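S.K.: I am attaching a structure below and will ask some questions about it afterwards.
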Amino acid sequence: MKNWIKLTLIFTLLFYSLAGVAQQQRFPKPEFGTGYHQPTPVTPEPRALVLEYSDVVILLIVLSLASWLALRKRSRKGMLWLSVFTLLYFGFYRNGCICAIGSVQNVALTIFDPGYAISITTLLFFLLPLVFTLYFGRTFCAGACPLGAIQDLLIIKPLSFPDWLRKTLGLLPYLYLSLAVLFAATGTDFIICRYDPFVGIFRMDAPFHMVILGIAFLLMGMFVARPYCRFLCPYGVLLNWMSRFSKWHLAITPAACIQCKLCSDSCPFDAIDYPTDEKQIKNRIWGVNRFLFYALLIPIWILVGGYTGSKAHTWISKANSKVYLAELLITKPEVRNDDKNLDVQAFLSSGKSMETLVNEASVIRHKFYIGCWIAGGFMGLVIGMTLLSQVIYRRKEDYQPDKGNCYSCVRCISYCPVKK
Amino acid sequence: MENNPKNSRREFIRKGSRISLLLTLGAVGGFSARNITHEKYVWQIDPFKCTQCGRCATSCVMTPSAVKCLHAYDLCGYCDLCGGYLKPDPNKLSTAAENQLCPTSAIQRKYIEEPYFEYVINEDLCIGCAKCVKGCTSFGNGSLHLQIIHRICLNCNECSIARLCPSDAISRVRASKPYLVKGSFTNDAKG
């Protein structure tokens with residue numbers, strides 16, 4: 001008990017005498033008489049840089065293999081095993097991170113924020129799949145994407161959807177992409193990573209709502225084949241653009257199509273184009289007028305989109321923590337007394353002036369204003385182009401993959417009776 | 001088919017688009033490469049910015065959190081009345097559970113010699129709640145502090161704790177120097 005009183009005394013004395021002296025030890029380190037050996041804190045090393053580079057090499061090998069399997073070997077079995085490997089390696093072993101889909105945000109951030117240095121591995125993860133797609137089609141989606149693989153393996157009874165529904169839902173990835181780039185460029189958030197429905201499954205650990213979302217996507221994926229890839233994936237938008245102009249692409253038939261229609265139901269993603277219906281061609285003159293009408297509408301769509309975006313910028317910018325905090329402190333000054341509001345308390349104790357915070361917040365909000373104009377205008381352009389594409393009839397003779405949307409999964413090939 | 005002008009025109013447009021897309025990719029890649037880094041970066045907590053808010057325990061994508069309490073023994077005063085180990089106003093200076101501040105009993109108290117005690121963090125039990133850090137920083141030398149343990153950290157693209165940290169204490173650091181341990185950290189700052 002004596003010790004206890006003594007220590008309390010020393011403690012209070014020292015506390016008051018040393019409280020003013022910063023950076024100094026309140027209680028000096030004792031000198032031990034018993035030969036005590038002081039341990040050192042354990043600080044395990046992070047994953048080695050060499051392993052990061054090996055990820056890029058593995059991606060390159062998987063991409064090459066996927067392209068070879070789709071275009072040359074034309075083997076569904078091979079592609080299936082490759083996607084299993086991708087799922088195990090990039091999914092469960094690497095915990096879904098690093099991934100090409102999320103790298104879009106790193107590239108956007110490094111372009112708009114010179115203070116952020118992108119790592120060479122991330123940049124390569126962004127570029128390699130796009131370059132491969134430009135030459136071989138979306139073989140990345142079939143073989144090298146863990147998110148695609150987990151959904152692809154769970155397709156049980158895929159349903160076919162009408163064209164209008166696919167086109168409408170197909171606008172979502174564009175919206176997701178523009179929001180992701182907007183949030184990344186303003187340094188607000190990486191929403192693609194945060195709302196990745198499958199990363200929780202790869203890690204076997206996630207917040208409750210993300211677990212529910214992940215399972216929901218997988219269950220939905222049994223009937224709606226690859227729901228994330230088709231109706232959400234922001235990287236898929238870029239891959240789609242590349243794939244449309246790809247130099248080579250998976251072909252259903254190795255020789256001439258005999259129009260047997262056997263492959264028509266084989267694609268779970270409705271990505272096979274049928275030969276042009278002659279009845280549609282009859283309305284050609286009307287089609288030209290409609291084409292001109294929709295083409296002239298595009299600038300209006302862009303303006304409407306940009307205007308809507310700029311009107312929403314105040315609301316969207318609240319996603320940024322600085323803007324949110326500044327607005328909260330201005331509109332509700334009473335939160336200053338709320339001890340439970342950690343953000344407000346941390347700001348008040350940081351010694352940062354209100355003026356600095358408001359200035360920073362208004363700079364960010366201005367970035368959001370410009371960004372929302374661009375993002376909104378982009379969405380307007382996408383809507384205008386989607387409508388325009390409805391009235392373009394490109395004459396097709398055969399059953400062939402829709403190059404933009406085809407994932408090169410090689411399912412259709414086994415349905416084709418032409419073997420040589 | 002080969003000589004069909006319509007087909008060759010289509011082919012020409014496709015080729016042109018392909019080349020322009022390739023150039024765009026090259027431009028995006030080249031522009032991003034202006035501040036490219038060959039070094040790996042990892043997330044770490046600056047213990048001097050940390051306000052011990054407790055969010056590290058709940059915001060990490062890992063359960064339990066990759067953030068753990070680290071003990072900079074160099075700074076420790078080896079006190080009997082430890083502000084990081086004991087609750088305020090403990091009824092006895094003992095290892096009894098009701099006196100411990102740590103909700104998971106992750107701190108082990110060991111007698112060395114009169115009147116000094118050693119405190120060791122059991123990393124497997126620590127959840128990174130920062131209760132002990134708050135106690136040690138307010139009443140002691142501040143030798144207990146939070147660090148992201150890279151054996152557990154997945155190095156997410158964006159750290160989910162950094163996003164919510166009220167004092168912006170978490171940032172990317174070079175992987176060659178992945179910890180900001182308080183003892184060496186202050187020494188470094190001086191030197």
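Going by the structure tokens order, chains are called A, B, ..., each with residues numbered from 1, while ligands are numbered from 1 in the order shown.
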Residues of chain B near chain A: apply a cut-off of 6 Å, count only C-alpha atoms, and supply the list as a list in words.
M.R.: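 Every residue meeting the condition is included here: Arg14, Arg18, Ser32, Asn35, Ile36, Thr37, His38, Gly77, Asn141, His150, Arg151, Pro166 and Ser167 of chain B.
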S.K.: Counting only C-alpha atoms, figure out which residue out of A:Lys420, A:Lys167, A:Arg74, A:Arg395 gets nearest to Ser408 (chain A).
M.R.: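 That would be A:Arg74, the residue with the smallest distance to Ser408 (chain A).
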S.K.: Write out as a PDB file with N, CA and C atoms, in the first residue's frame which residues come within 8 Å of region 361-369 of chain A when counting only C-alpha atoms, dropping same-chain ones fewer than 4 positions away.
M.R.:
```pdb
ATOM      1  N   LEU A 182     -15.292  10.481 -60.974  1.00  0.00           N
ATOM      2  CA  LEU A 182     -15.546  11.761 -60.295  1.00  0.00           C
ATOM      3  C   LEU A 182     -15.064  11.707 -58.847  1.00  0.00           C
ATOM      4  N   THR A 186     -11.593  13.657 -57.398  1.00  0.00           N
ATOM      5  CA  THR A 186     -11.679  14.690 -56.374  1.00  0.00           C
ATOM      6  C   THR A 186     -11.061  14.215 -55.061  1.00  0.00           C
ATOM      7  N   SER A 310     -24.668  19.354 -62.872  1.00  0.00           N
ATOM      8  CA  SER A 310     -24.202  20.538 -62.150  1.00  0.00           C
ATOM      9  C   SER A 310     -25.182  20.919 -61.046  1.00  0.00           C
ATOM     10  N   HIS A 313     -24.464  18.805 -58.009  1.00  0.00           N
ATOM     11  CA  HIS A 313     -23.096  18.770 -57.487  1.00  0.00           C
ATOM     12  C   HIS A 313     -23.007  19.077 -55.991  1.00  0.00           C
ATOM     13  N   THR A 314     -23.899  19.947 -55.495  1.00  0.00           N
ATOM     14  CA  THR A 314     -23.870  20.267 -54.059  1.00  0.00           C
ATOM     15  C   THR A 314     -24.142  19.021 -53.243  1.00  0.00           C
ATOM     16  N   ILE A 316     -23.940  15.802 -54.327  1.00  0.00           N
ATOM     17  CA  ILE A 316     -22.946  14.743 -54.540  1.00  0.00           C
ATOM     18  C   ILE A 316     -21.663  15.052 -53.765  1.00  0.00           C
ATOM     19  N   SER A 317     -21.300  16.353 -53.691  1.00  0.00           N
ATOM     20  CA  SER A 317     -20.030  16.698 -53.053  1.00  0.00           C
ATOM     21  C   SER A 317     -20.044  16.416 -51.559  1.00  0.00           C
ATOM     22  N   LYS A 322     -14.467  16.389 -46.075  1.00  0.00           N
ATOM     23  CA  LYS A 322     -14.153  17.783 -45.732  1.00  0.00           C
ATOM     24  C   LYS A 322     -15.343  18.693 -46.007  1.00  0.00           C
ATOM     25  N   VAL A 323     -15.955  18.485 -47.187  1.00  0.00           N
ATOM     26  CA  VAL A 323     -17.125  19.295 -47.541  1.00  0.00           C
ATOM     27  C   VAL A 323     -18.237  19.043 -46.532  1.00  0.00           C
ATOM     28  N   ALA A 326     -17.398  20.747 -43.156  1.00  0.00           N
ATOM     29  CA  ALA A 326     -17.531  22.205 -43.225  1.00  0.00           C
ATOM     30  C   ALA A 326     -18.998  22.596 -43.226  1.00  0.00           C
ATOM     31  N   LEU A 357     -10.614  25.283 -43.287  1.00  0.00           N
ATOM     32  CA  LEU A 357     -11.494  24.169 -43.634  1.00  0.00           C
ATOM     33  C   LEU A 357     -12.487  24.587 -44.714  1.00  0.00           C
ATOM     34  N   TRP A 373     -20.511  18.558 -64.240  1.00  0.00           N
ATOM     35  CA  TRP A 373     -20.848  18.987 -65.605  1.00  0.00           C
ATOM     36  C   TRP A 373     -20.330  17.949 -66.602  1.00  0.00           C
TER      37      TRP A 373
END
```
S.K.: Taking the DSSP assignment computed from this structure's backbone, write out as JSON, numbers by chain all residues of chain B that belong to helix (DSSP H, G or I).
M.R.: {"B": [5, 6, 7, 8, 9, 10, 11, 12, 13, 14, 15, 16, 17, 18, 19, 20, 21, 22, 23, 24, 25, 26, 27, 28, 29, 30, 31, 32, 33, 34, 35, 55, 56, 57, 58, 59, 73, 74, 75, 97, 98, 99, 131, 132, 133, 134, 135, 136, 137, 138, 139, 160, 161, 162, 163, 164, 182, 183, 184, 185, 186, 187, 188, 189, 190]}
S.K.: Could you take the residues named above and write them with C-alpha atoms, as a PDB file, in the first residue's frame?
M.R.:
```pdb
ATOM      1  CA  PRO B   5     -15.573  -1.420-101.292  1.00  0.00           C
ATOM      2  CA  LYS B   6     -18.096  -1.293 -98.447  1.00  0.00           C
ATOM      3  CA  ASN B   7     -16.163  -3.949 -96.522  1.00  0.00           C
ATOM      4  CA  SER B   8     -12.793  -2.354 -97.069  1.00  0.00           C
ATOM      5  CA  ARG B   9     -14.176   0.998 -95.934  1.00  0.00           C
ATOM      6  CA  ARG B  10     -15.523  -0.618 -92.770  1.00  0.00           C
ATOM      7  CA  GLU B  11     -12.169  -2.271 -92.242  1.00  0.00           C
ATOM      8  CA  PHE B  12     -10.450   1.071 -92.703  1.00  0.00           C
ATOM      9  CA  ILE B  13     -12.667   2.749 -90.109  1.00  0.00           C
ATOM     10  CA  ARG B  14     -12.053  -0.095 -87.676  1.00  0.00           C
ATOM     11  CA  LYS B  15      -8.343   0.102 -88.153  1.00  0.00           C
ATOM     12  CA  GLY B  16      -8.383   3.872 -87.681  1.00  0.00           C
ATOM     13  CA  SER B  17     -10.462   3.561 -84.509  1.00  0.00           C
ATOM     14  CA  ARG B  18      -8.153   0.874 -83.195  1.00  0.00           C
ATOM     15  CA  ILE B  19      -5.084   2.995 -83.743  1.00  0.00           C
ATOM     16  CA  SER B  20      -6.713   6.038 -82.153  1.00  0.00           C
ATOM     17  CA  LEU B  21      -7.805   3.955 -79.138  1.00  0.00           C
ATOM     18  CA  LEU B  22      -4.271   2.628 -78.822  1.00  0.00           C
ATOM     19  CA  LEU B  23      -2.948   6.168 -78.950  1.00  0.00           C
ATOM     20  CA  THR B  24      -5.468   7.242 -76.291  1.00  0.00           C
ATOM     21  CA  LEU B  25      -4.328   4.395 -74.055  1.00  0.00           C
ATOM     22  CA  GLY B  26      -0.737   5.409 -74.683  1.00  0.00           C
ATOM     23  CA  ALA B  27      -1.547   9.009 -73.786  1.00  0.00           C
ATOM     24  CA  VAL B  28      -3.384   8.025 -70.590  1.00  0.00           C
ATOM     25  CA  GLY B  29      -0.557   5.672 -69.663  1.00  0.00           C
ATOM     26  CA  GLY B  30       2.129   8.224 -70.488  1.00  0.00           C
ATOM     27  CA  PHE B  31       0.358  11.005 -68.600  1.00  0.00           C
ATOM     28  CA  SER B  32      -0.113   8.765 -65.541  1.00  0.00           C
ATOM     29  CA  ALA B  33       3.513   7.701 -65.798  1.00  0.00           C
ATOM     30  CA  ARG B  34       4.714  11.280 -65.184  1.00  0.00           C
ATOM     31  CA  ASN B  35       4.535  10.658 -61.460  1.00  0.00           C
ATOM     32  CA  ARG B  55     -12.518   3.691 -35.271  1.00  0.00           C
ATOM     33  CA  CYS B  56      -9.521   1.518 -36.142  1.00  0.00           C
ATOM     34  CA  ALA B  57     -11.165  -1.346 -34.288  1.00  0.00           C
ATOM     35  CA  THR B  58     -14.389  -1.143 -36.270  1.00  0.00           C
ATOM     36  CA  SER B  59     -13.546   0.248 -39.717  1.00  0.00           C
ATOM     37  CA  TYR B  73       9.569  -0.068 -24.782  1.00  0.00           C
ATOM     38  CA  ASP B  74      12.155   2.700 -25.065  1.00  0.00           C
ATOM     39  CA  LEU B  75       9.538   5.224 -24.033  1.00  0.00           C
ATOM     40  CA  ALA B  97      -9.936  -8.394 -14.752  1.00  0.00           C
ATOM     41  CA  GLU B  98     -12.141  -5.703 -13.224  1.00  0.00           C
ATOM     42  CA  ASN B  99      -9.149  -3.356 -13.035  1.00  0.00           C
ATOM     43  CA  LYS B 131      -8.365   2.401 -25.089  1.00  0.00           C
ATOM     44  CA  CYS B 132      -4.918   1.669 -23.644  1.00  0.00           C
ATOM     45  CA  VAL B 133      -3.327   4.149 -26.047  1.00  0.00           C
ATOM     46  CA  LYS B 134      -5.636   6.850 -24.791  1.00  0.00           C
ATOM     47  CA  GLY B 135      -4.808   5.991 -21.185  1.00  0.00           C
ATOM     48  CA  CYS B 136      -1.073   5.851 -21.829  1.00  0.00           C
ATOM     49  CA  THR B 137      -1.011   9.062 -23.866  1.00  0.00           C
ATOM     50  CA  SER B 138      -3.095  11.025 -21.351  1.00  0.00           C
ATOM     51  CA  PHE B 139      -1.466   9.819 -18.128  1.00  0.00           C
ATOM     52  CA  SER B 160     -11.219   1.896 -45.204  1.00  0.00           C
ATOM     53  CA  ILE B 161      -9.945   3.235 -41.882  1.00  0.00           C
ATOM     54  CA  ALA B 162      -8.067   6.107 -43.552  1.00  0.00           C
ATOM     55  CA  ARG B 163     -11.339   7.170 -45.150  1.00  0.00           C
ATOM     56  CA  LEU B 164     -13.003   7.466 -41.745  1.00  0.00           C
ATOM     57  CA  LYS B 182       7.192   6.037 -31.775  1.00  0.00           C
ATOM     58  CA  GLY B 183      10.708   5.635 -30.405  1.00  0.00           C
ATOM     59  CA  SER B 184      12.518   5.471 -33.684  1.00  0.00           C
ATOM     60  CA  PHE B 185      10.010   7.817 -35.229  1.00  0.00           C
ATOM     61  CA  THR B 186      10.859  10.703 -32.886  1.00  0.00           C
ATOM     62  CA  ASN B 187      14.562   9.992 -33.270  1.00  0.00           C
ATOM     63  CA  ASP B 188      14.169  10.164 -37.004  1.00  0.00           C
ATOM     64  CA  ALA B 189      12.291  13.418 -36.850  1.00  0.00           C
ATOM     65  CA  LYS B 190      15.085  14.943 -34.818  1.00  0.00           C
TER      66      LYS B 190
END
```
S.K.: Write out as an NGL selection string each polymer residue whose atoms come within 12 Å of Ala66 (chain B), counting only C-alpha atoms; drop sequence neighbours fewer than 5 positions from it.
M.R.: (:A and (44)) or (:B and (43-45 or 56-61 or 123-129 or 146-156 or 159-161))
S.K.: Find, counting only C-alpha atoms, the residue in A:Asp270, A:Asp196, A:Asp265, A:Asp338 that gets nearest to Phe161 (chain A).
M.R.: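 Using only C-alpha atoms, Phe161 (chain A) sits closest to A:Asp270.
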S.K.: Quick one: residues within 9 Å of Thr95 (chain B), only C-alpha atoms, excluding same-chain residues fewer than 2 positions away - as a JSON list (two decimals) with N, CA and C atoms, in the first residue's frame?
M.R.:
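The file below, selection.json, is the result:
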```json
[["chain", "number", "residue", "atom", "x", "y", "z"],
["B", 85, "TYR", "N", -2.78, 0.29, -18.68],
["B", 85, "TYR", "CA", -3.18, -1.05, -18.26],
["B", 85, "TYR", "C", -4.39, -1.03, -17.35],
["B", 86, "LEU", "N", -4.42, -0.05, -16.43],
["B", 86, "LEU", "CA", -5.46, -0.04, -15.40],
["B", 86, "LEU", "C", -6.55, 0.96, -15.72],
["B", 92, "LYS", "N", -7.48, -1.82, -6.94],
["B", 92, "LYS", "CA", -6.23, -2.42, -6.51],
["B", 92, "LYS", "C", -5.28, -2.43, -7.71],
["B", 93, "LEU", "N", -4.00, -2.29, -7.46],
["B", 93, "LEU", "CA", -3.04, -2.35, -8.57],
["B", 93, "LEU", "C", -2.69, -3.81, -8.82],
["B", 97, "ALA", "N", -9.26, -8.80, -13.52],
["B", 97, "ALA", "CA", -9.94, -8.39, -14.75],
["B", 97, "ALA", "C", -10.72, -7.10, -14.59],
["B", 98, "GLU", "N", -11.30, -6.90, -13.38],
["B", 98, "GLU", "CA", -12.14, -5.70, -13.22],
["B", 98, "GLU", "C", -11.32, -4.42, -13.22],
["B", 99, "ASN", "N", -10.00, -4.55, -13.04],
["B", 99, "ASN", "CA", -9.15, -3.36, -13.03],
["B", 99, "ASN", "C", -8.55, -3.06, -14.40],
["B", 100, "GLN", "N", -8.67, -4.00, -15.32],
["B", 100, "GLN", "CA", -7.99, -3.82, -16.60],
["B", 100, "GLN", "C", -8.79, -2.92, -17.54],
["B", 108, "GLN", "N", -0.31, -7.97, -21.11],
["B", 108, "GLN", "CA", 0.17, -8.81, -20.02],
["B", 108, "GLN", "C", 1.11, -8.00, -19.15],
["B", 109, "ARG", "N", 0.83, -8.05, -17.86],
["B", 109, "ARG", "CA", 1.63, -7.28, -16.91],
["B", 109, "ARG", "C", 2.56, -8.25, -16.20]]
```
S.K.: May I ask for the distance between CA of His71 (chain B) and CA of Glu39 (chain B), given in Å to one decimal place?
M.R.: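 Computing it gives 27.9 Å between the two atoms.
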S.K.: List the spatial neighbours of Lys157 (chain A) as an MDAnalysis selection string - criterion: any atom at most 9 Å away, only C-alpha atoms, same-chain residues fewer than 5 positions off excluded.
M.R.: chainID A and resid 222:225 268
S.K.: Using N, CA and C atoms, can you write the selected residues to a file as a compact mmCIF listing (two decimals), in the first residue's frame?
M.R.:
```txt
# COMPACT_ATOMS: atom_id res chain seq x y z
N MET A 222 -27.18 -16.96 -60.79
CA MET A 222 -27.57 -18.28 -61.27
C MET A 222 -28.55 -18.16 -62.43
N PHE A 223 -29.34 -17.09 -62.43
CA PHE A 223 -30.37 -16.93 -63.47
C PHE A 223 -30.08 -15.74 -64.39
N VAL A 224 -29.48 -14.70 -63.83
CA VAL A 224 -29.06 -13.57 -64.66
C VAL A 224 -27.55 -13.71 -64.79
N ALA A 225 -27.09 -14.25 -65.91
CA ALA A 225 -25.67 -14.58 -66.03
C ALA A 225 -24.81 -13.33 -65.88
N PRO A 268 -25.24 -17.31 -72.65
CA PRO A 268 -26.00 -16.90 -71.46
C PRO A 268 -26.11 -15.39 -71.31
```
S.K.: Using DSSP assignments from the backbone, pull out every residue in region 48-189 of chain B that falls under strand (DSSP E or B) and give it to me as a PyMOL selection string.
M.R.: chain B and resi 67-71+86+100+107-113+116-121+144-148+170-174
S.K.: Mind dumping the selected residues with C-alpha atoms as a CSV table (one decimal), in the first residue's frame?
M.R.:
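Saved as again.csv:
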```
chain,number,residue,atom,x,y,z
B,67,VAL,CA,-4.4,-2.2,-36.5
B,68,LYS,CA,-2.8,-3.3,-33.2
B,69,CYS,CA,-1.3,-1.6,-30.3
B,70,LEU,CA,2.5,-1.5,-30.4
B,71,HIS,CA,4.7,-0.9,-27.4
B,86,LEU,CA,-5.5,0.0,-15.4
B,100,GLN,CA,-8.0,-3.8,-16.6
B,107,ILE,CA,-1.9,-6.5,-22.2
B,108,GLN,CA,0.2,-8.8,-20.0
B,109,ARG,CA,1.6,-7.3,-16.9
B,110,LYS,CA,4.8,-8.8,-15.6
B,111,TYR,CA,6.7,-8.0,-12.4
B,112,ILE,CA,10.4,-7.2,-13.1
B,113,GLU,CA,11.7,-5.5,-9.9
B,116,TYR,CA,8.7,-1.7,-12.1
B,117,PHE,CA,6.4,-3.7,-14.3
B,118,GLU,CA,6.7,-4.7,-17.9
B,119,TYR,CA,3.7,-4.5,-20.2
B,120,VAL,CA,3.6,-6.8,-23.3
B,121,ILE,CA,0.8,-6.7,-25.9
B,144,LEU,CA,1.6,2.5,-26.3
B,145,HIS,CA,0.5,3.5,-29.8
B,146,LEU,CA,-1.4,2.1,-32.7
B,147,GLN,CA,0.3,0.7,-35.8
B,148,ILE,CA,-1.0,-1.2,-38.9
B,170,ILE,CA,-3.4,7.3,-41.8
B,171,SER,CA,-1.4,7.7,-45.0
B,172,ARG,CA,0.7,5.8,-47.5
B,173,VAL,CA,4.3,5.3,-46.5
B,174,ARG,CA,7.2,3.6,-48.4
```
